[in-house]
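File shown here: protein25.tsv, holding TSV, C-alpha atoms.
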chain	number	residue	atom	x	y	z
A	1	MET	CA	5.87	30.84	24.19
A	2	MET	CA	6.72	32.86	21.12
A	3	PHE	CA	6.89	29.61	19.17
A	4	ASP	CA	3.41	28.58	20.34
A	5	HIS	CA	2.08	31.97	19.44
A	6	ASP	CA	3.56	31.66	15.97
A	7	GLU	CA	2.09	28.20	15.63
A	8	ASP	CA	-1.34	29.50	16.50
A	9	LYS	CA	-1.04	32.36	14.07
A	10	PHE	CA	0.09	30.03	11.35
A	11	ALA	CA	-2.75	27.58	12.03
A	12	GLU	CA	-5.26	30.41	11.94
A	13	TRP	CA	-3.82	31.79	8.71
A	14	LEU	CA	-3.63	28.34	7.16
A	15	GLN	CA	-7.25	27.51	7.95
A	16	HIS	CA	-8.32	30.68	6.21
A	17	ALA	CA	-5.98	30.37	3.22
A	18	ALA	CA	-6.73	26.70	2.63
A	19	LYS	CA	-10.42	27.36	2.03
A	20	THR	CA	-9.48	27.83	-1.61
A	21	TYR	CA	-8.05	24.31	-1.80
A	22	HIS	CA	-10.18	22.23	-4.18
A	23	ASP	CA	-13.08	24.58	-3.62
A	24	PRO	CA	-16.17	22.68	-4.75
A	25	ARG	CA	-18.86	24.07	-7.02
A	26	PRO	CA	-22.48	23.90	-5.87
A	27	THR	CA	-23.59	20.31	-5.37
A	28	PRO	CA	-25.13	18.87	-8.55
A	29	ARG	CA	-27.89	17.21	-6.54
A	30	ASP	CA	-30.39	16.21	-9.19
A	31	GLU	CA	-27.74	15.06	-11.62
A	32	MET	CA	-26.19	12.74	-9.06
A	33	TRP	CA	-29.53	11.54	-7.72
A	34	THR	CA	-30.57	10.44	-11.19
A	35	ARG	CA	-27.39	8.41	-11.52
A	36	ILE	CA	-27.73	6.98	-8.02
A	37	GLU	CA	-31.24	5.77	-8.82
A	38	ALA	CA	-30.04	4.26	-12.09
A	39	GLY	CA	-27.10	2.59	-10.37
A	40	ARG	CA	-29.29	1.14	-7.66
A	41	ALA	CA	-31.83	-0.08	-10.17
A	42	ALA	CA	-29.11	-1.85	-12.15
A	43	ARG	CA	-27.77	-3.54	-9.02
A	44	ARG	CA	-31.29	-4.51	-8.01
A	45	VAL	CA	-31.80	-6.26	-11.32
A	46	ILE	CA	-28.67	-8.27	-10.74
A	47	ALA	CA	-29.71	-9.03	-7.19
A	48	LEU	CA	-33.27	-10.01	-7.99
A	49	ARG	CA	-33.06	-11.92	-11.22
A	50	PRO	CA	-31.59	-15.35	-10.71
A	51	TRP	CA	-30.57	-15.61	-14.36
A	52	ALA	CA	-28.68	-12.35	-14.15
A	53	ARG	CA	-26.88	-13.46	-11.02
A	54	TRP	CA	-26.06	-16.76	-12.66
A	55	THR	CA	-24.81	-15.01	-15.75
A	56	LEU	CA	-22.52	-12.80	-13.75
A	57	ALA	CA	-21.24	-15.67	-11.64
A	58	ALA	CA	-20.86	-17.77	-14.74
A	59	ALA	CA	-18.87	-15.05	-16.46
A	60	ALA	CA	-16.59	-14.73	-13.47
A	61	VAL	CA	-16.00	-18.42	-13.13
A	62	LEU	CA	-15.51	-18.99	-16.83
A	63	VAL	CA	-13.13	-16.08	-17.16
A	64	LEU	CA	-11.18	-17.55	-14.30
A	65	GLY	CA	-11.21	-20.95	-15.97
A	66	ILE	CA	-10.13	-19.58	-19.31
A	67	GLY	CA	-7.45	-17.48	-17.70
A	68	ILE	CA	-6.02	-20.39	-15.84
A	69	GLY	CA	-6.28	-22.60	-18.86
A	70	ARG	CA	-4.55	-20.16	-21.14
A	71	TRP	CA	-1.88	-18.84	-18.89
A	72	THR	CA	-1.04	-21.48	-16.36
A	73	ALA	CA	0.84	-24.27	-17.98
A	74	GLN	CA	0.86	-26.52	-14.94
A	75	GLN	CA	-2.90	-26.48	-14.68
A	76	ARG	CA	-3.54	-27.00	-18.35
A	77	ASN	CA	-3.49	-30.76	-17.88
A	78	GLY	CA	-4.88	-30.78	-14.39
A	79	GLY	CA	-8.20	-32.33	-15.32
A	80	PRO	CA	-11.66	-31.25	-14.49
A	81	ALA	CA	-11.72	-32.09	-10.81
A	82	GLY	CA	-10.20	-28.88	-9.52
A	83	THR	CA	-11.97	-26.42	-11.78
A	84	PRO	CA	-15.15	-24.58	-10.94
A	85	VAL	CA	-16.59	-24.95	-14.41
A	86	ALA	CA	-16.12	-28.67	-14.41
A	87	SER	CA	-18.07	-28.91	-11.20
A	88	ALA	CA	-21.13	-27.42	-12.87
A	89	ASP	CA	-23.49	-30.28	-13.28
A	90	THR	CA	-26.08	-28.99	-15.67
A	91	ALA	CA	-25.87	-28.23	-19.34
A	92	ASN	CA	-27.82	-25.00	-18.85
A	93	ARG	CA	-25.36	-23.71	-16.32
A	94	ASP	CA	-22.46	-24.50	-18.63
A	95	LEU	CA	-24.18	-22.72	-21.45
A	96	LEU	CA	-24.70	-19.63	-19.30
A	97	TYR	CA	-21.04	-19.64	-18.34
A	98	GLN	CA	-20.01	-19.83	-21.94
A	99	VAL	CA	-22.38	-17.21	-23.28
A	100	ALA	CA	-21.71	-14.67	-20.56
A	101	ALA	CA	-17.94	-14.91	-20.69
A	102	THR	CA	-17.77	-14.99	-24.44
A	103	GLN	CA	-20.00	-11.95	-24.65
A	104	TYR	CA	-17.91	-9.94	-22.22
A	105	LEU	CA	-14.51	-10.81	-23.62
A	106	SER	CA	-15.62	-10.60	-27.23
A	107	ARG	CA	-17.41	-7.31	-26.75
A	108	THR	CA	-14.37	-5.81	-25.08
A	109	GLU	CA	-12.04	-7.09	-27.75
A	110	THR	CA	-14.32	-5.87	-30.55
A	111	PHE	CA	-14.67	-2.54	-28.85
A	112	LEU	CA	-10.94	-2.00	-28.38
A	113	THR	CA	-10.16	-3.19	-31.89
A	114	GLY	CA	-12.77	-0.80	-33.30
A	115	PHE	CA	-11.47	2.01	-31.14
A	116	ARG	CA	-7.94	1.54	-32.43
A	117	ALA	CA	-9.07	1.23	-36.01
A	118	ASP	CA	-11.00	4.49	-35.73
A	119	LEU	CA	-7.99	6.25	-34.28
A	120	ARG	CA	-5.77	5.00	-37.09
A	121	ALA	CA	-8.31	6.22	-39.62
A	122	GLY	CA	-8.41	9.60	-37.93
A	123	ARG	CA	-12.08	9.24	-36.98
A	124	ALA	CA	-13.48	10.24	-33.62
A	125	ASP	CA	-16.63	8.28	-32.85
A	126	THR	CA	-18.35	10.05	-29.98
A	127	ARG	CA	-20.04	6.83	-28.87
A	128	PHE	CA	-16.82	5.27	-27.63
A	129	PRO	CA	-16.80	6.91	-24.16
A	130	GLY	CA	-20.36	5.72	-23.48
A	131	GLN	CA	-19.60	2.20	-24.64
A	132	ALA	CA	-16.46	2.18	-22.53
A	133	ARG	CA	-18.52	3.10	-19.47
A	134	ASP	CA	-20.86	0.16	-20.11
A	135	LEU	CA	-17.97	-2.26	-20.38
A	136	LEU	CA	-16.35	-0.69	-17.34
A	137	THR	CA	-19.33	-1.68	-15.21
A	138	THR	CA	-18.96	-5.33	-16.20
A	139	THR	CA	-15.21	-5.20	-15.74
A	140	ARG	CA	-15.59	-3.89	-12.22
A	141	LEU	CA	-18.17	-6.52	-11.38
A	142	LEU	CA	-15.67	-9.13	-12.52
A	143	LEU	CA	-12.93	-7.48	-10.49
A	144	ASP	CA	-15.12	-7.89	-7.43
A	145	SER	CA	-15.85	-11.50	-8.28
A	146	PRO	CA	-13.82	-14.68	-7.73
A	147	ALA	CA	-12.53	-14.27	-11.30
A	148	ALA	CA	-10.10	-11.70	-9.96
A	149	ASP	CA	-8.63	-14.15	-7.47
A	150	ASP	CA	-6.26	-15.35	-10.14
A	151	PRO	CA	-3.42	-12.78	-10.25
A	152	ARG	CA	-3.03	-12.97	-14.01
A	153	MET	CA	-6.72	-12.52	-14.63
A	154	ARG	CA	-6.81	-9.67	-12.14
A	155	GLY	CA	-3.94	-8.10	-14.03
A	156	LEU	CA	-5.83	-8.34	-17.31
A	157	LEU	CA	-9.02	-6.98	-15.79
A	158	GLU	CA	-7.13	-4.10	-14.17
A	159	ASP	CA	-5.44	-3.30	-17.47
A	160	LEU	CA	-8.82	-3.34	-19.16
A	161	GLU	CA	-10.27	-1.18	-16.41
A	162	LEU	CA	-7.56	1.44	-16.87
A	163	VAL	CA	-7.95	1.51	-20.63
A	164	LEU	CA	-11.73	1.71	-20.38
A	165	VAL	CA	-11.51	4.49	-17.78
A	166	GLN	CA	-9.23	6.44	-20.10
A	167	ILE	CA	-11.58	6.01	-23.05
A	168	SER	CA	-14.66	6.80	-20.97
A	169	GLN	CA	-13.08	10.10	-19.92
A	170	LEU	CA	-12.05	11.19	-23.39
A	171	PRO	CA	-13.31	14.70	-23.95
A	172	ALA	CA	-15.48	15.41	-26.97
A	173	ALA	CA	-12.80	17.73	-28.31
A	174	ARG	CA	-10.06	15.19	-27.83
A	175	GLN	CA	-6.44	15.90	-28.50
A	176	ARG	CA	-4.09	13.56	-30.30
A	177	HIS	CA	-2.08	13.36	-27.10
A	178	ASP	CA	-5.07	11.94	-25.16
A	179	THR	CA	-5.56	9.07	-27.56
A	180	ASP	CA	-1.84	8.44	-28.00
A	181	LEU	CA	-1.53	7.81	-24.27
A	182	ILE	CA	-4.28	5.23	-24.46
A	183	THR	CA	-2.87	3.34	-27.41
A	184	GLN	CA	0.66	3.47	-26.00
A	185	GLY	CA	-0.63	2.06	-22.74
A	186	MET	CA	-2.45	-0.71	-24.56
A	187	ASP	CA	0.69	-1.55	-26.55
A	188	GLN	CA	3.03	-1.43	-23.59
A	189	ARG	CA	0.90	-3.86	-21.64
A	190	SER	CA	-0.04	-5.98	-24.64
A	191	VAL	CA	-3.66	-5.58	-23.66
A	192	LEU	CA	-5.19	-6.75	-26.91
A	193	PRO	CA	-2.96	-9.82	-27.35
A	194	LYS	CA	-3.64	-10.83	-23.73
A	195	LEU	CA	-7.34	-10.28	-24.21
A	196	ARG	CA	-7.39	-12.28	-27.41
A	197	SER	CA	-5.49	-15.12	-25.82
A	198	ALA	CA	-8.11	-15.23	-23.08
A	199	ILE	CA	-10.94	-15.53	-25.61
A	200	PRO	CA	-11.62	-19.08	-26.60
A	201	ALA	CA	-10.90	-19.84	-30.22
A	202	GLY	CA	-13.86	-20.24	-32.52
A	203	PRO	CA	-17.52	-19.55	-31.96
A	204	VAL	CA	-19.66	-20.77	-29.08
A	205	PRO	CA	-19.64	-23.39	-27.59
A	206	VAL	CA	-16.56	-22.27	-25.76
A	207	ARG	CA	-13.88	-24.74	-24.87
A	208	THR	CA	-13.23	-24.24	-21.21
A	209	GLN	CA	-10.54	-25.30	-18.84
A	210	GLY	CA	-11.14	-28.87	-17.97
A	211	ALA	CA	-13.73	-29.43	-20.66
A	212	THR	CA	-13.08	-32.30	-22.96
B	1	MET	CA	-38.68	14.59	10.54
B	2	ASP	CA	-36.66	12.73	13.16
B	3	GLU	CA	-33.61	10.99	11.72
B	4	ARG	CA	-34.60	7.67	13.23
B	5	ASP	CA	-38.01	7.86	11.52
B	6	LEU	CA	-36.36	8.80	8.29
B	7	ILE	CA	-34.06	5.79	8.46
B	8	ASN	CA	-36.97	3.48	9.24
B	9	ARG	CA	-38.89	4.80	6.27
B	10	VAL	CA	-35.91	4.32	3.99
B	11	ARG	CA	-35.54	0.77	5.27
B	12	ALA	CA	-39.19	0.21	4.43
B	13	GLY	CA	-38.52	1.27	0.85
B	14	ASP	CA	-40.02	4.76	0.95
B	15	GLY	CA	-38.61	6.61	-2.06
B	16	ILE	CA	-39.45	10.05	-0.72
B	17	ALA	CA	-37.58	9.30	2.48
B	18	GLU	CA	-34.59	8.13	0.44
B	19	ARG	CA	-34.46	11.43	-1.37
B	20	ALA	CA	-34.90	13.33	1.91
B	21	LEU	CA	-32.00	11.45	3.46
B	22	TYR	CA	-29.89	12.15	0.39
B	23	ASP	CA	-30.80	15.84	0.42
B	24	ALA	CA	-29.92	16.12	4.08
B	25	HIS	CA	-26.41	14.78	3.65
B	26	VAL	CA	-25.32	15.11	0.05
B	27	ASP	CA	-23.73	18.55	0.36
B	28	ARG	CA	-21.24	17.52	2.99
B	29	VAL	CA	-20.48	14.21	1.32
B	30	TYR	CA	-19.90	15.87	-2.04
B	31	ARG	CA	-17.82	18.65	-0.53
B	32	LEU	CA	-15.61	16.17	1.28
B	33	ALA	CA	-15.24	14.05	-1.84
B	34	TYR	CA	-14.41	17.10	-3.92
B	35	ARG	CA	-11.91	18.46	-1.42
B	36	LEU	CA	-10.11	15.15	-1.33
B	37	ALA	CA	-10.35	14.36	-5.05
B	38	GLY	CA	-9.94	17.83	-6.50
B	39	ASP	CA	-11.95	16.82	-9.53
B	40	ASP	CA	-15.65	17.24	-10.14
B	41	ALA	CA	-16.20	14.04	-12.13
B	42	LEU	CA	-14.41	11.98	-9.48
B	43	ALA	CA	-16.23	13.74	-6.66
B	44	GLN	CA	-19.55	12.95	-8.29
B	45	ASP	CA	-18.56	9.32	-8.82
B	46	PHE	CA	-17.47	8.98	-5.21
B	47	THR	CA	-20.61	10.67	-3.91
B	48	GLN	CA	-22.83	8.41	-5.97
B	49	GLU	CA	-20.99	5.31	-4.83
B	50	THR	CA	-21.22	6.48	-1.21
B	51	PHE	CA	-24.99	6.78	-1.35
B	52	ILE	CA	-25.49	3.58	-3.29
B	53	ARG	CA	-23.48	1.73	-0.64
B	54	ALA	CA	-25.23	3.57	2.17
B	55	PHE	CA	-28.69	2.60	0.91
B	56	GLU	CA	-27.54	-0.97	0.41
B	57	LYS	CA	-26.07	-1.20	3.89
B	58	LEU	CA	-28.53	0.90	5.84
B	59	ASP	CA	-29.87	-2.21	7.54
B	60	THR	CA	-26.47	-2.64	9.17
B	61	PHE	CA	-26.49	0.87	10.62
B	62	ARG	CA	-27.03	0.37	14.33
B	63	GLY	CA	-27.31	3.97	15.39
B	64	ASP	CA	-24.27	3.92	17.67
B	65	SER	CA	-23.11	7.10	15.98
B	66	ALA	CA	-24.88	9.80	14.04
B	67	LEU	CA	-25.93	8.83	10.54
B	68	SER	CA	-23.70	11.59	9.19
B	69	THR	CA	-20.67	10.06	10.91
B	70	TRP	CA	-21.50	6.68	9.42
B	71	LEU	CA	-21.94	8.24	5.98
B	72	HIS	CA	-18.65	10.08	6.22
B	73	ALA	CA	-16.90	6.84	7.10
B	74	ILE	CA	-18.28	5.34	3.90
B	75	THR	CA	-17.29	8.47	2.00
B	76	THR	CA	-13.68	8.40	3.13
B	77	THR	CA	-13.40	4.68	2.36
B	78	VAL	CA	-14.83	5.15	-1.12
B	79	VAL	CA	-12.73	8.23	-1.84
B	80	LEU	CA	-9.43	6.91	-0.53
B	81	ASN	CA	-9.84	3.58	-2.34
B	82	GLY	CA	-10.86	5.40	-5.49
B	83	LEU	CA	-7.93	7.77	-5.29
B	84	ARG	CA	-5.53	4.86	-4.98
B	85	LYS	CA	-6.80	3.59	-8.32
B	86	VAL	CA	-6.56	7.04	-9.85
B	87	LYS	CA	-3.04	7.40	-8.54
B	88	ARG	CA	-2.08	4.19	-10.27
B	89	PHE	CA	-3.74	5.49	-13.42
B	90	HIS	CA	-1.83	8.78	-13.29
B	91	LYS	CA	1.43	7.02	-12.52
B	92	ARG	CA	0.96	5.00	-15.65
B	93	GLU	CA	0.27	8.15	-17.67
B	94	ALA	CA	3.33	9.80	-16.16
B	95	ASP	CA	5.43	6.75	-17.02
B	96	LEU	CA	4.23	6.92	-20.58
B	97	GLU	CA	4.91	10.62	-20.80
B	98	ALA	CA	8.37	10.13	-19.36
B	99	ALA	CA	9.05	7.34	-21.83
B	100	ASP	CA	7.91	9.66	-24.58
B	101	GLY	CA	9.87	12.63	-23.36
B	102	VAL	CA	6.63	14.61	-23.25
B	103	THR	CA	7.25	16.23	-19.91
B	104	GLY	CA	9.50	19.24	-19.61
B	105	GLY	CA	12.17	20.00	-17.07
B	106	PRO	CA	11.74	20.39	-13.33
B	107	ARG	CA	8.77	22.46	-12.21
B	108	GLN	CA	9.58	26.10	-11.75
B	109	ALA	CA	9.08	27.73	-8.38
B	110	GLU	CA	5.53	29.02	-8.26
B	111	PRO	CA	5.29	32.54	-6.92
B	112	ASP	CA	1.54	32.49	-6.37
B	113	LEU	CA	0.54	31.61	-2.83
B	114	LYS	CA	-2.73	29.94	-3.79
B	115	VAL	CA	-1.01	27.61	-6.23
B	116	ARG	CA	1.89	26.93	-3.88
B	117	LEU	CA	-0.52	26.12	-1.08
B	118	ARG	CA	-2.40	23.68	-3.28
B	119	GLN	CA	0.85	22.01	-4.34
B	120	ALA	CA	1.99	21.79	-0.73
B	121	ILE	CA	-1.27	20.22	0.42
B	122	ASP	CA	-1.27	17.82	-2.54
B	123	ALA	CA	2.25	16.78	-1.59
B	124	LEU	CA	1.30	15.79	1.95
B	125	PRO	CA	1.21	12.07	2.74
B	126	GLN	CA	-2.30	10.75	2.18
B	127	GLY	CA	-3.09	10.31	5.89
B	128	TYR	CA	-1.94	13.82	6.81
B	129	ARG	CA	-3.76	15.35	3.87
B	130	THR	CA	-7.01	13.59	4.68
B	131	VAL	CA	-6.99	14.74	8.29
B	132	PHE	CA	-5.94	18.25	7.33
B	133	VAL	CA	-8.70	18.58	4.73
B	134	MET	CA	-11.33	17.16	7.06
B	135	HIS	CA	-10.34	19.24	10.08
B	136	ASP	CA	-8.94	22.53	8.87
B	137	ILE	CA	-10.94	22.92	5.70
B	138	GLU	CA	-14.20	21.05	6.19
B	139	GLY	CA	-14.47	21.56	9.94
B	140	PHE	CA	-14.80	17.98	11.14
B	141	THR	CA	-13.91	17.36	14.76
B	142	HIS	CA	-11.10	14.97	15.69
B	143	GLU	CA	-13.73	12.62	17.09
B	144	GLU	CA	-15.60	12.57	13.79
B	145	ILE	CA	-12.38	12.08	11.88
B	146	GLY	CA	-11.37	9.23	14.18
B	147	VAL	CA	-14.63	7.39	13.52
B	148	ALA	CA	-14.56	8.08	9.78
B	149	LEU	CA	-10.99	6.90	9.33
B	150	GLY	CA	-11.05	4.20	11.98
B	151	VAL	CA	-8.22	5.76	13.99
B	152	GLU	CA	-7.84	7.07	17.53
B	153	THR	CA	-8.62	10.73	18.17
B	154	GLY	CA	-5.02	11.21	19.28
B	155	THR	CA	-3.80	9.87	15.93
B	156	SER	CA	-5.96	12.40	14.14
B	157	LYS	CA	-4.54	15.21	16.26
B	158	ALA	CA	-0.98	14.06	15.72
B	159	GLN	CA	-1.46	13.80	11.97
B	160	LEU	CA	-2.96	17.27	11.82
B	161	SER	CA	-0.04	18.66	13.77
B	162	ARG	CA	2.44	16.99	11.41
B	163	ALA	CA	0.52	18.15	8.37
B	164	ARG	CA	0.63	21.75	9.58
B	165	ALA	CA	4.33	21.47	10.35
B	166	LYS	CA	5.05	20.18	6.86
B	167	LEU	CA	2.96	22.92	5.30
B	168	ARG	CA	4.70	25.54	7.35
B	169	GLU	CA	8.01	24.23	6.13
B	170	SER	CA	6.85	24.13	2.51
B	171	LEU	CA	5.48	27.65	2.69
B	172	ALA	CA	8.36	29.16	4.67
B	173	ASP	CA	9.00	31.83	2.05
B	174	PHE	CA	5.48	33.13	2.64
B	175	ALA	CA	6.10	33.59	6.36
B	176	GLY	CA	5.34	37.28	6.06
B	177	GLU	CA	1.75	36.35	5.34
B	178	TRP	CA	1.12	35.10	8.85
B	179	VAL	CA	3.94	36.66	10.92
B	180	THR	CA	2.62	40.18	11.00
Taking this structure as input, can you express it in the form of C-alpha cells?
Amino acid sequence: MMFDHDEDKFAEWLQHAAKTYHDPRPTPRDEMWTRIEAGRAARRVIALRPWARWTLAAAAVLVLGIGIGRWTAQQRNGGPAGTPVASADTANRDLLYQVAATQYLSRTETFLTGFRADLRAGRADTRFPGQARDLLTTTRLLLDSPAADDPRMRGLLEDLELVLVQISQLPAARQRHDTDLITQGMDQRSVLPKLRSAIPAGPVPVRTQGAT
Amino acid sequence: MDERDLINRVRAGDGIAERALYDAHVDRVYRLAYRLAGDDALAQDFTQETFIRAFEKLDTFRGDSALSTWLHAITTTVVLNGLRKVKRFHKREADLEAADGVTGGPRQAEPDLKVRLRQAIDALPQGYRTVFVMHDIEGFTHEEIGVALGVETGTSKAQLSRARAKLRESLADFAGEWVT
C-alpha cells in the first residue's frame, strides 16, 4: 500500500516536473503556414504538369540505370532488355531522362565542389544553405522514387541527404568545427568520388546503362 | 463551424477552410512535435510535413475517429520517422567527433534536477518516451495514444508504467523531491 502511495506521489510529481521538458515556444503559425502553402504548391506543380512528372520519373530511372551501370559489374553487360531506360520507346522520353538526371547529379556535384573550394579558401558564402535546401528537396524525391530501390544508389542518395542537411543547417555565424564535420563526413564516405562516378562522362547526351 | 463541414469545404478546395482547419489544430501538433523533437527547426519541419500530408490525404479520412486523432497519428509517424533520420545523422557526427578526439571524458553527474530529468527522459527507449511525453506531458489519453501509435491501449499503459519506473530509478537521488 505504501508502495502504491509512493508510486502515485512520484507520478504526480513527475507530471508536474516534466512540464519543463522540451517546453515549446509559442506556435509560429504564420511562418509555418507560408511554408506549408509553398510546399503544397510545389507538389501540385509536380502532380499537375505531365512534363514535370516525367522529368522526375526520368531522373529516378536514369539515376538507377547509371548507378547500376557504374557499380554493378554483373549488370554492366546485361544488355538493354532488363533496364528501365532501355524500355523507353521514344526519343523525347530518353532525352528527358538524360537531361533531368544530368542536371541533378551535376548540380549536386558542382555545388559540393564549390562548397569545399570556398571552405578551403576561407570564404563563407551565405547562399550555400539555401542552395542545399533546394537540392535536398530533389534528393528526397529521388529517395522516395524507384531510384532508391538499388541499395548502392540509396546509399549515395542518403549520404547526399545527410551532407545537404548539414549544409542547409549551417548557422550564419558558422564555426570551423561545423564545417570540418561536414568535410570529414564527405571524405570518410567518399561522397564526391561516388557522386562523380555516377555522373556520366562528357556532356549530354548521357550514355546510359544499356544504351549502345 | 462544424468539423464535418470544415472538412467538406477543405475537400472542395476552399482556402479559407484550409487555414481554419490548420488554425484549429496546429498548436497541438506543433507542441507534440516540439516535445518529441526538442528542437524548434525540426518541430516546424515535422508540423509542416504533417499538414501537407493531411491535406493531401484528407480524402481518405473516413471520420471513424476525430480529425485531431487522425492528425496526431500522422504527426507521430512523421516525427518518429524524422527522428530516426536525425538519430542517424547525430550518430555520424558523434562517430566523427570520436574519431577526432573532439569529445571529452564521461559526462559529469548533473546536480540540477531540470537537466537530469531531461537527460533521463531523453534516455528512455523511443516507445516509452513517446508514450510518456504524450500522456504525462501533453495530456493525451491512452485511447488517443493507442490510435496515434497503432498500438493497444494496454500497451500504452504498460509503456507508461515502465517509463515512469525507469525515470524513478534514474532520479532516485532526487527522491526527497516527491517523498515528503
Quiz prompt | Distance in Å - CA of Leu181 (chain A) versus CA of Lys87 (chain B) | solution =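 Rounded to one decimal, the two atoms are 15.8 Å apart.
Any residue of chain A with an atom within 7 Å of chain B counts; using all atoms listed in the file, that gives Lys9, Phe10, Trp13, Gln15, Ala18, Lys19, Tyr21, His22, Asp23, Pro24, Thr27, Met32, Ile36, Arg40, Leu162 and Leu181 of chain A.
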Would you write out those residues with C-alpha atoms, as a compact mmCIF listing (two decimals), in the coordinates of the input?
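Everything below was put into again-v1.txt:
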# COMPACT_ATOMS: atom_id res chain seq x y z
CA LYS A 9 -1.04 32.36 14.07
CA PHE A 10 0.09 30.03 11.35
CA TRP A 13 -3.82 31.79 8.71
CA GLN A 15 -7.25 27.51 7.95
CA ALA A 18 -6.73 26.70 2.63
CA LYS A 19 -10.42 27.36 2.03
CA TYR A 21 -8.05 24.31 -1.80
CA HIS A 22 -10.18 22.23 -4.18
CA ASP A 23 -13.08 24.58 -3.62
CA PRO A 24 -16.17 22.68 -4.75
CA THR A 27 -23.59 20.31 -5.37
CA MET A 32 -26.19 12.74 -9.06
CA ILE A 36 -27.73 6.98 -8.02
CA ARG A 40 -29.29 1.14 -7.66
CA LEU A 162 -7.56 1.44 -16.87
CA LEU A 181 -1.53 7.81 -24.27
Practice problem: Record the distance separating CA of Pro28 (chain A) and CA of Val147 (chain B), expressed in Å with one decimal. | Solution: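 Computed distance, CA of Pro28 (chain A) to CA of Val147 (chain B), equals 27.0 Å.
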Practice problem: Write out as a ChimeraX atom specification which residues come within 12 Å of Asp5 (chain B) when counting all atoms listed in the file, dropping same-chain ones fewer than 6 positions away. | Solution: /B:11-12,14,17-18,20-21
Quiz item: Do you have the CA of Ser190 (chain A)-CA of Leu105 (chain A) distance handy?
Solution: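 Between these atoms lies a distance of 15.3 Å.
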Exercise. Step by step: start from the point (-18.0, 10.6, 11.1) in the file's coordinates, keep every protein, DNA or RNA residue that has an atom no farther than 9 Å from it, count all atoms listed in the file, and write the set as a ChimeraX atom specification.
Key: /B:65-74,140-141,143-149
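Shortest atom-to-atom contact with Gly150 (chain B) among B:Ala120, B:Arg62, B:Gly127, B:Lys57: B:Gly127, counting all atoms listed in the file.
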Quiz item: Could you name the residues that touch Tyr128 (chain B) at 8 Å or less, counting all atoms listed in the file, but leaving out those on the same chain fewer than 2 positions away, as number ranges by chain?
Solution: B: 124-126, 130-132, 159-160, 162-163
